[in-house]
Amino acid sequence: DTGVSQNPRHKITKRGQNVTFRCDPISEHNRLYWYRQTLGQGPEFLTYFQNEAQLEKSRLLSDRFSAERPKGSFSTLEIQRTEQGDSAMYLCASSYSGGSPLHFGNGTRLTVT
Amino acid sequence: EDQVTQSPEALRLQEGESSSLNCSYTVSGLRGLFWYRQDPGKGPEFLFTLYSAGEEKEKERLKATLTKKESFLHITAPKPEDSATYLCAVQAVDQGGSEKLVFGKGTKLTVNP
């Protein structure tokens with residue numbers, strides 16, 4: 001399977017704990033995006049990488065969130081001191097160039113108890 | 001700020017009953033309009049990209065059209081397997097280099113046999 005891969009698929013954590021998600025994009029894609037989606041809503045943009053450079057971060061991305069893409073390959077999204085409001089589906093997507101479609105993974109569903 | 005509004009929020013059809021979904025958008029300069037299909041618990045699956053007013057794309061029972069203010073997704077003789085949430089997103093021409101897609105909330109389509 002050469003699609004976007006996300007791990008884990010599900011994560012349940014207690015409030016205040018740190019969590020980290022991983023995304024492996026399609027290998028020839030140099031653009032990588034993180035989105036968050038809650039029930040009944042469309043995906044909301046969090047951050048965007050071109051190769052290893054993080055070029056844009058949403059105002060939604062508080063200080064507790066950090067994303068990295070070392071060497072321009074896989075990416076990680078870390079949430080520190082999780083809150084119940086962080087419960088959502090975290091989606092990763094990649095694309096080849098500007099104007100080309102984003103291809104999404106199946107997401108990591110985070111539940112904060 | 002770029003905005004995408006989809007209507008209706010939910011649509012129930014009988015198998016074979018054709019209909020259309022609407023996506024209206026406000027964007028400073030449109031680089032592309034994207035349609036996605038999303039099944040429960042999965043990431044969005046790319047369907048179409050439209051780049052300029054008057055453009056049309058077709059795939060099986062789906063046809064997407066674009067004007068300067070809105071896009072339509074026409075579903076001809078739908079089948080139960082077409083049941084899903086259909087998401088519309090826009091990518092703006094941004095001198096700052098932003099490549100993100102801005103999504104609507106989606107239309108949840110249910111096709112009854």
# chains A, B, ... in the order shown; residues from 1 in each chain; ligands from 1

$ interface_residues --of "chain B" --to "chain A" --cutoff "9 Å" --atoms "only C-alpha atoms" --output "JSON, numbers by chain"
{"B": [31, 32, 34, 41, 42, 43, 44, 45, 46, 48, 49, 51, 87, 88, 91, 97, 98, 99, 100, 101, 102, 103, 104, 105, 106]}

$ write_last_selection --atoms "N, CA, C and O atoms" --output "short mmCIF file (atom, residue, chain, number, x, y, z; two decimals), in the first residue's frame"
data_model
loop_
_atom_site.label_atom_id
_atom_site.label_comp_id
_atom_site.auth_asym_id
_atom_site.auth_seq_id
_atom_site.Cartn_x
_atom_site.Cartn_y
_atom_site.Cartn_z
N ARG B 31 -7.36 28.93 -6.50
CA ARG B 31 -6.35 28.13 -7.18
C ARG B 31 -6.96 26.79 -7.61
O ARG B 31 -6.63 26.26 -8.66
N GLY B 32 -7.85 26.26 -6.76
CA GLY B 32 -8.49 25.00 -7.09
C GLY B 32 -9.62 24.72 -6.13
O GLY B 32 -9.59 25.15 -4.98
N PHE B 34 -11.82 21.41 -4.62
CA PHE B 34 -11.64 19.97 -4.49
C PHE B 34 -12.89 19.34 -3.88
O PHE B 34 -13.47 19.88 -2.93
N GLY B 41 -15.13 6.94 10.02
CA GLY B 41 -13.91 6.39 10.59
C GLY B 41 -12.72 6.39 9.64
O GLY B 41 -11.67 5.84 9.98
N LYS B 42 -12.88 6.99 8.47
CA LYS B 42 -11.79 7.01 7.50
C LYS B 42 -11.44 8.44 7.11
O LYS B 42 -12.18 9.38 7.37
N GLY B 43 -10.28 8.59 6.47
CA GLY B 43 -9.89 9.89 5.98
C GLY B 43 -10.60 10.23 4.68
O GLY B 43 -11.14 9.35 4.01
N PRO B 44 -10.63 11.51 4.31
CA PRO B 44 -11.26 11.90 3.04
C PRO B 44 -10.55 11.26 1.85
O PRO B 44 -9.32 11.18 1.82
N GLU B 45 -11.38 10.85 0.88
CA GLU B 45 -10.86 10.24 -0.35
C GLU B 45 -11.08 11.21 -1.50
O GLU B 45 -12.20 11.66 -1.75
N PHE B 46 -10.02 11.55 -2.22
CA PHE B 46 -10.09 12.53 -3.29
C PHE B 46 -10.98 12.06 -4.43
O PHE B 46 -10.91 10.90 -4.86
N PHE B 48 -12.39 14.89 -7.13
CA PHE B 48 -12.18 15.79 -8.27
C PHE B 48 -11.43 17.05 -7.85
O PHE B 48 -11.54 17.49 -6.72
N THR B 49 -10.74 17.64 -8.83
CA THR B 49 -10.24 19.00 -8.72
C THR B 49 -10.79 19.80 -9.89
O THR B 49 -10.76 19.33 -11.04
N TYR B 51 -10.48 23.77 -11.61
CA TYR B 51 -9.58 24.91 -11.53
C TYR B 51 -10.18 26.22 -12.04
O TYR B 51 -9.74 27.29 -11.65
N LEU B 87 -17.30 16.18 1.00
CA LEU B 87 -16.63 17.40 1.46
C LEU B 87 -16.15 18.22 0.26
O LEU B 87 -15.62 17.67 -0.70
N CYS B 88 -16.31 19.53 0.39
CA CYS B 88 -15.81 20.47 -0.61
C CYS B 88 -14.71 21.30 0.05
O CYS B 88 -14.80 21.64 1.23
N GLN B 91 -8.63 25.88 -2.37
CA GLN B 91 -7.24 26.28 -2.18
C GLN B 91 -7.09 27.65 -2.83
O GLN B 91 -7.42 27.82 -4.01
N GLY B 97 2.41 32.09 0.10
CA GLY B 97 2.83 30.71 -0.10
C GLY B 97 1.98 29.67 0.58
O GLY B 97 2.33 28.51 0.57
N SER B 98 0.86 30.07 1.21
CA SER B 98 0.01 29.10 1.87
C SER B 98 -0.58 28.14 0.86
O SER B 98 -1.07 28.55 -0.18
N GLU B 99 -0.54 26.85 1.19
CA GLU B 99 -1.04 25.82 0.28
C GLU B 99 -2.24 25.09 0.84
O GLU B 99 -2.68 24.12 0.27
N LYS B 100 -2.75 25.55 1.98
CA LYS B 100 -3.75 24.76 2.69
C LYS B 100 -5.08 24.74 1.97
O LYS B 100 -5.42 25.63 1.20
N LEU B 101 -5.84 23.67 2.22
CA LEU B 101 -7.22 23.58 1.78
C LEU B 101 -8.13 24.03 2.92
O LEU B 101 -7.88 23.68 4.07
N VAL B 102 -9.16 24.80 2.58
CA VAL B 102 -10.18 25.19 3.53
C VAL B 102 -11.43 24.40 3.21
O VAL B 102 -11.95 24.48 2.08
N PHE B 103 -11.91 23.62 4.18
CA PHE B 103 -13.02 22.70 3.97
C PHE B 103 -14.34 23.27 4.44
O PHE B 103 -14.40 24.06 5.39
N GLY B 104 -15.43 22.83 3.78
CA GLY B 104 -16.76 23.01 4.32
C GLY B 104 -17.06 21.92 5.33
O GLY B 104 -16.24 21.03 5.57
N LYS B 105 -18.29 21.99 5.91
CA LYS B 105 -18.66 21.00 6.92
C LYS B 105 -19.13 19.69 6.31
O LYS B 105 -19.26 18.69 7.01
N GLY B 106 -19.40 19.69 5.02
CA GLY B 106 -19.79 18.46 4.36
C GLY B 106 -21.30 18.28 4.23
O GLY B 106 -22.09 18.92 4.93
#

$ residues_around --residues "Glu56 (chain B)" --least-positions-apart "3" --cutoff "10 Å" --atoms "only C-alpha atoms" --output "PDB file with C-alpha atoms, in the first residue's frame"
ATOM      1  CA  PHE B  48     -12.184  15.791  -8.266  1.00  0.00           C
ATOM      2  CA  THR B  49     -10.243  19.001  -8.723  1.00  0.00           C
ATOM      3  CA  LEU B  50     -11.746  21.936 -10.639  1.00  0.00           C
ATOM      4  CA  TYR B  51      -9.577  24.909 -11.535  1.00  0.00           C
ATOM      5  CA  SER B  52     -11.687  27.385 -13.516  1.00  0.00           C
ATOM      6  CA  ALA B  53     -15.302  28.431 -14.004  1.00  0.00           C
ATOM      7  CA  LYS B  63     -20.278  14.949 -11.983  1.00  0.00           C
ATOM      8  CA  ALA B  64     -18.728  18.110 -10.557  1.00  0.00           C
ATOM      9  CA  THR B  65     -19.202  21.576 -12.027  1.00  0.00           C
ATOM     10  CA  LEU B  66     -17.745  24.977 -11.136  1.00  0.00           C
ATOM     11  CA  THR B  67     -18.878  28.584 -11.434  1.00  0.00           C
ATOM     12  CA  SER B  71     -19.673  24.202  -7.293  1.00  0.00           C
ATOM     13  CA  PHE B  72     -22.197  21.434  -7.660  1.00  0.00           C
ATOM     14  CA  LEU B  73     -21.761  17.712  -7.235  1.00  0.00           C
TER      15      LEU B  73
END

$ select_by_dssp --residues "region 25-96 of chain B" --states "strand (DSSP E)" --output "PyMOL selection string"
chain B and resi 25-26+30-38+45-50+56-59+62-66+70-75+84-92

$ write_last_selection --atoms "N, CA and C atoms" --output "short mmCIF file (atom, residue, chain, number, x, y, z; two decimals), in the first residue's frame"
data_model
loop_
_atom_site.label_atom_id
_atom_site.label_comp_id
_atom_site.auth_asym_id
_atom_site.auth_seq_id
_atom_site.Cartn_x
_atom_site.Cartn_y
_atom_site.Cartn_z
N TYR B 25 -18.54 29.29 -2.17
CA TYR B 25 -17.24 29.65 -1.59
C TYR B 25 -16.94 31.14 -1.75
N THR B 26 -16.15 31.63 -0.81
CA THR B 26 -15.62 32.99 -0.87
C THR B 26 -14.12 32.87 -0.69
N LEU B 30 -9.07 31.93 -6.50
CA LEU B 30 -9.20 30.47 -6.44
C LEU B 30 -8.08 29.80 -7.22
N ARG B 31 -7.36 28.93 -6.50
CA ARG B 31 -6.35 28.13 -7.18
C ARG B 31 -6.96 26.79 -7.61
N GLY B 32 -7.85 26.26 -6.76
CA GLY B 32 -8.49 25.00 -7.09
C GLY B 32 -9.62 24.72 -6.13
N LEU B 33 -10.63 23.99 -6.60
CA LEU B 33 -11.73 23.53 -5.75
C LEU B 33 -11.72 22.01 -5.79
N PHE B 34 -11.82 21.41 -4.62
CA PHE B 34 -11.64 19.97 -4.49
C PHE B 34 -12.89 19.34 -3.88
N TRP B 35 -13.28 18.18 -4.40
CA TRP B 35 -14.34 17.38 -3.80
C TRP B 35 -13.73 16.08 -3.26
N TYR B 36 -14.17 15.75 -2.04
CA TYR B 36 -13.74 14.52 -1.38
C TYR B 36 -14.95 13.75 -0.91
N ARG B 37 -14.78 12.44 -0.79
CA ARG B 37 -15.77 11.57 -0.16
C ARG B 37 -15.16 11.04 1.13
N GLN B 38 -15.95 11.01 2.21
CA GLN B 38 -15.45 10.49 3.48
C GLN B 38 -16.42 9.48 4.05
N GLU B 45 -11.38 10.85 0.88
CA GLU B 45 -10.86 10.24 -0.35
C GLU B 45 -11.08 11.21 -1.50
N PHE B 46 -10.02 11.55 -2.22
CA PHE B 46 -10.09 12.53 -3.29
C PHE B 46 -10.98 12.06 -4.43
N LEU B 47 -11.84 13.00 -4.91
CA LEU B 47 -12.70 12.71 -6.05
C LEU B 47 -12.30 13.55 -7.27
N PHE B 48 -12.39 14.89 -7.13
CA PHE B 48 -12.18 15.79 -8.27
C PHE B 48 -11.43 17.05 -7.85
N THR B 49 -10.74 17.64 -8.83
CA THR B 49 -10.24 19.00 -8.72
C THR B 49 -10.79 19.80 -9.89
N LEU B 50 -11.28 21.01 -9.60
CA LEU B 50 -11.75 21.94 -10.64
C LEU B 50 -10.94 23.22 -10.49
N GLU B 56 -15.88 21.00 -15.89
CA GLU B 56 -16.68 19.88 -15.40
C GLU B 56 -15.81 18.63 -15.36
N LYS B 57 -16.05 17.79 -14.36
CA LYS B 57 -15.35 16.51 -14.26
C LYS B 57 -16.38 15.43 -13.94
N GLU B 58 -16.18 14.22 -14.45
CA GLU B 58 -17.11 13.12 -14.21
C GLU B 58 -16.38 11.87 -13.78
N LYS B 59 -17.05 11.12 -12.91
CA LYS B 59 -16.52 9.83 -12.48
C LYS B 59 -17.70 8.96 -12.08
N LEU B 62 -20.98 10.38 -10.59
CA LEU B 62 -20.73 11.72 -10.05
C LEU B 62 -20.24 12.67 -11.14
N LYS B 63 -20.74 13.91 -11.07
CA LYS B 63 -20.28 14.95 -11.98
C LYS B 63 -20.14 16.24 -11.20
N ALA B 64 -18.97 16.86 -11.27
CA ALA B 64 -18.73 18.11 -10.56
C ALA B 64 -18.63 19.25 -11.56
N THR B 65 -19.25 20.38 -11.19
CA THR B 65 -19.20 21.58 -12.03
C THR B 65 -18.78 22.76 -11.19
N LEU B 66 -18.28 23.81 -11.86
CA LEU B 66 -17.75 24.98 -11.14
C LEU B 66 -18.18 26.27 -11.81
N GLU B 70 -19.71 29.07 -6.93
CA GLU B 70 -20.14 27.82 -6.32
C GLU B 70 -19.79 26.63 -7.20
N SER B 71 -19.88 25.46 -6.58
CA SER B 71 -19.67 24.20 -7.29
C SER B 71 -20.82 23.28 -6.94
N PHE B 72 -21.16 22.43 -7.88
CA PHE B 72 -22.20 21.43 -7.66
C PHE B 72 -21.62 20.04 -7.88
N LEU B 73 -22.07 19.13 -7.03
CA LEU B 73 -21.76 17.71 -7.23
C LEU B 73 -23.08 17.02 -7.56
N HIS B 74 -23.22 16.63 -8.82
CA HIS B 74 -24.44 15.98 -9.28
C HIS B 74 -24.27 14.47 -9.14
N ILE B 75 -25.30 13.84 -8.56
CA ILE B 75 -25.27 12.39 -8.40
C ILE B 75 -26.43 11.81 -9.20
N ALA B 84 -22.26 8.44 1.97
CA ALA B 84 -21.00 8.94 2.57
C ALA B 84 -21.21 10.41 2.86
N THR B 85 -20.19 11.02 3.47
CA THR B 85 -20.17 12.48 3.60
C THR B 85 -19.30 13.04 2.48
N TYR B 86 -19.82 14.01 1.77
CA TYR B 86 -19.09 14.63 0.66
C TYR B 86 -18.60 16.01 1.10
N LEU B 87 -17.30 16.18 1.00
CA LEU B 87 -16.63 17.40 1.46
C LEU B 87 -16.15 18.22 0.26
N CYS B 88 -16.31 19.53 0.39
CA CYS B 88 -15.81 20.47 -0.61
C CYS B 88 -14.71 21.30 0.05
N ALA B 89 -13.67 21.62 -0.70
CA ALA B 89 -12.57 22.42 -0.14
C ALA B 89 -12.02 23.33 -1.22
N VAL B 90 -11.50 24.50 -0.80
CA VAL B 90 -10.88 25.42 -1.74
C VAL B 90 -9.44 25.66 -1.36
N GLN B 91 -8.63 25.88 -2.37
CA GLN B 91 -7.24 26.28 -2.18
C GLN B 91 -7.09 27.65 -2.83
N ALA B 92 -6.61 28.61 -2.04
CA ALA B 92 -6.53 29.98 -2.54
C ALA B 92 -5.15 30.27 -3.10
#

$ atom_distance --atom1 "CA of Ser20 (chain B)" --atom2 "CA of Asp2 (chain B)"
23.1 Å

$ closest_residue --among "B:Asn112, B:Thr5, B:Thr107, B:Ser24" --to "Ala77 (chain B)" --atoms "only C-alpha atoms"
B:Asn112

$ decode --residues "chain B" --atoms "C-alpha atoms" --output "compact mmCIF listing (two decimals), in the first residue's frame"
# COMPACT_ATOMS: atom_id res chain seq x y z
CA GLU B 1 -10.99 35.02 5.16
CA ASP B 2 -11.68 32.10 2.84
CA GLN B 3 -15.03 30.41 3.50
CA VAL B 4 -16.81 27.33 2.21
CA THR B 5 -20.49 26.60 2.82
CA GLN B 6 -22.08 23.32 1.86
CA SER B 7 -25.78 22.56 1.55
CA PRO B 8 -27.78 20.68 2.48
CA GLU B 9 -26.15 19.38 5.67
CA ALA B 10 -27.86 16.02 5.14
CA LEU B 11 -29.67 14.45 2.21
CA ARG B 12 -31.66 11.23 2.00
CA LEU B 13 -32.36 9.74 -1.43
CA GLN B 14 -33.97 6.63 -2.72
CA GLU B 15 -31.81 4.44 -4.93
CA GLY B 16 -31.99 5.85 -8.46
CA GLU B 17 -33.18 9.31 -7.33
CA SER B 18 -30.78 11.87 -8.80
CA SER B 19 -29.87 15.07 -6.92
CA SER B 20 -27.20 17.73 -6.45
CA LEU B 21 -25.03 18.93 -3.58
CA ASN B 22 -23.99 22.58 -3.38
CA CYS B 23 -20.72 24.19 -2.34
CA SER B 24 -20.55 27.98 -2.26
CA TYR B 25 -17.24 29.65 -1.59
CA THR B 26 -15.62 32.99 -0.87
CA VAL B 27 -11.93 33.17 -1.67
CA SER B 28 -9.57 35.97 -2.65
CA GLY B 29 -8.30 34.06 -5.66
CA LEU B 30 -9.20 30.47 -6.44
CA ARG B 31 -6.35 28.13 -7.18
CA GLY B 32 -8.49 25.00 -7.09
CA LEU B 33 -11.73 23.53 -5.75
CA PHE B 34 -11.64 19.97 -4.49
CA TRP B 35 -14.34 17.38 -3.80
CA TYR B 36 -13.74 14.52 -1.38
CA ARG B 37 -15.77 11.57 -0.16
CA GLN B 38 -15.45 10.49 3.48
CA ASP B 39 -16.70 7.23 4.94
CA PRO B 40 -17.18 6.88 8.72
CA GLY B 41 -13.91 6.39 10.59
CA LYS B 42 -11.79 7.01 7.50
CA GLY B 43 -9.89 9.89 5.98
CA PRO B 44 -11.26 11.90 3.04
CA GLU B 45 -10.86 10.24 -0.35
CA PHE B 46 -10.09 12.53 -3.29
CA LEU B 47 -12.70 12.71 -6.05
CA PHE B 48 -12.18 15.79 -8.27
CA THR B 49 -10.24 19.00 -8.72
CA LEU B 50 -11.75 21.94 -10.64
CA TYR B 51 -9.58 24.91 -11.53
CA SER B 52 -11.69 27.38 -13.52
CA ALA B 53 -15.30 28.43 -14.00
CA GLY B 54 -17.08 26.30 -16.57
CA GLU B 55 -14.96 23.25 -15.90
CA GLU B 56 -16.68 19.88 -15.40
CA LYS B 57 -15.35 16.51 -14.26
CA GLU B 58 -17.11 13.12 -14.21
CA LYS B 59 -16.52 9.83 -12.48
CA GLU B 60 -19.07 7.03 -12.63
CA ARG B 61 -22.34 8.46 -11.22
CA LEU B 62 -20.73 11.72 -10.05
CA LYS B 63 -20.28 14.95 -11.98
CA ALA B 64 -18.73 18.11 -10.56
CA THR B 65 -19.20 21.58 -12.03
CA LEU B 66 -17.75 24.98 -11.14
CA THR B 67 -18.88 28.58 -11.43
CA LYS B 68 -17.23 31.72 -10.04
CA LYS B 69 -19.13 31.44 -6.78
CA GLU B 70 -20.14 27.82 -6.32
CA SER B 71 -19.67 24.20 -7.29
CA PHE B 72 -22.20 21.43 -7.66
CA LEU B 73 -21.76 17.71 -7.23
CA HIS B 74 -24.44 15.98 -9.28
CA ILE B 75 -25.27 12.39 -8.40
CA THR B 76 -27.08 10.45 -11.12
CA ALA B 77 -29.07 7.32 -10.23
CA PRO B 78 -27.29 6.85 -6.88
CA LYS B 79 -26.75 3.47 -5.26
CA PRO B 80 -26.57 2.65 -1.53
CA GLU B 81 -22.77 2.43 -1.80
CA ASP B 82 -22.71 6.14 -2.64
CA SER B 83 -23.76 6.85 0.96
CA ALA B 84 -21.00 8.94 2.57
CA THR B 85 -20.17 12.48 3.60
CA TYR B 86 -19.09 14.63 0.66
CA LEU B 87 -16.63 17.40 1.46
CA CYS B 88 -15.81 20.47 -0.61
CA ALA B 89 -12.57 22.42 -0.14
CA VAL B 90 -10.88 25.42 -1.74
CA GLN B 91 -7.24 26.28 -2.18
CA ALA B 92 -6.53 29.98 -2.54
CA VAL B 93 -3.84 31.74 -4.48
CA ASP B 94 -1.79 33.22 -1.66
CA GLN B 95 1.30 35.35 -2.22
CA GLY B 96 2.52 34.25 1.18
CA GLY B 97 2.83 30.71 -0.10
CA SER B 98 0.01 29.10 1.87
CA GLU B 99 -1.04 25.82 0.28
CA LYS B 100 -3.75 24.76 2.69
CA LEU B 101 -7.22 23.58 1.78
CA VAL B 102 -10.18 25.19 3.53
CA PHE B 103 -13.02 22.70 3.97
CA GLY B 104 -16.76 23.01 4.32
CA LYS B 105 -18.66 21.00 6.92
CA GLY B 106 -19.79 18.46 4.36
CA THR B 107 -23.08 16.97 3.17
CA LYS B 108 -24.02 13.60 4.63
CA LEU B 109 -25.68 11.58 1.87
CA THR B 110 -27.76 8.51 2.62
CA VAL B 111 -29.08 6.41 -0.27
CA ASN B 112 -31.78 3.93 0.68
CA PRO B 113 -32.29 0.75 -1.34
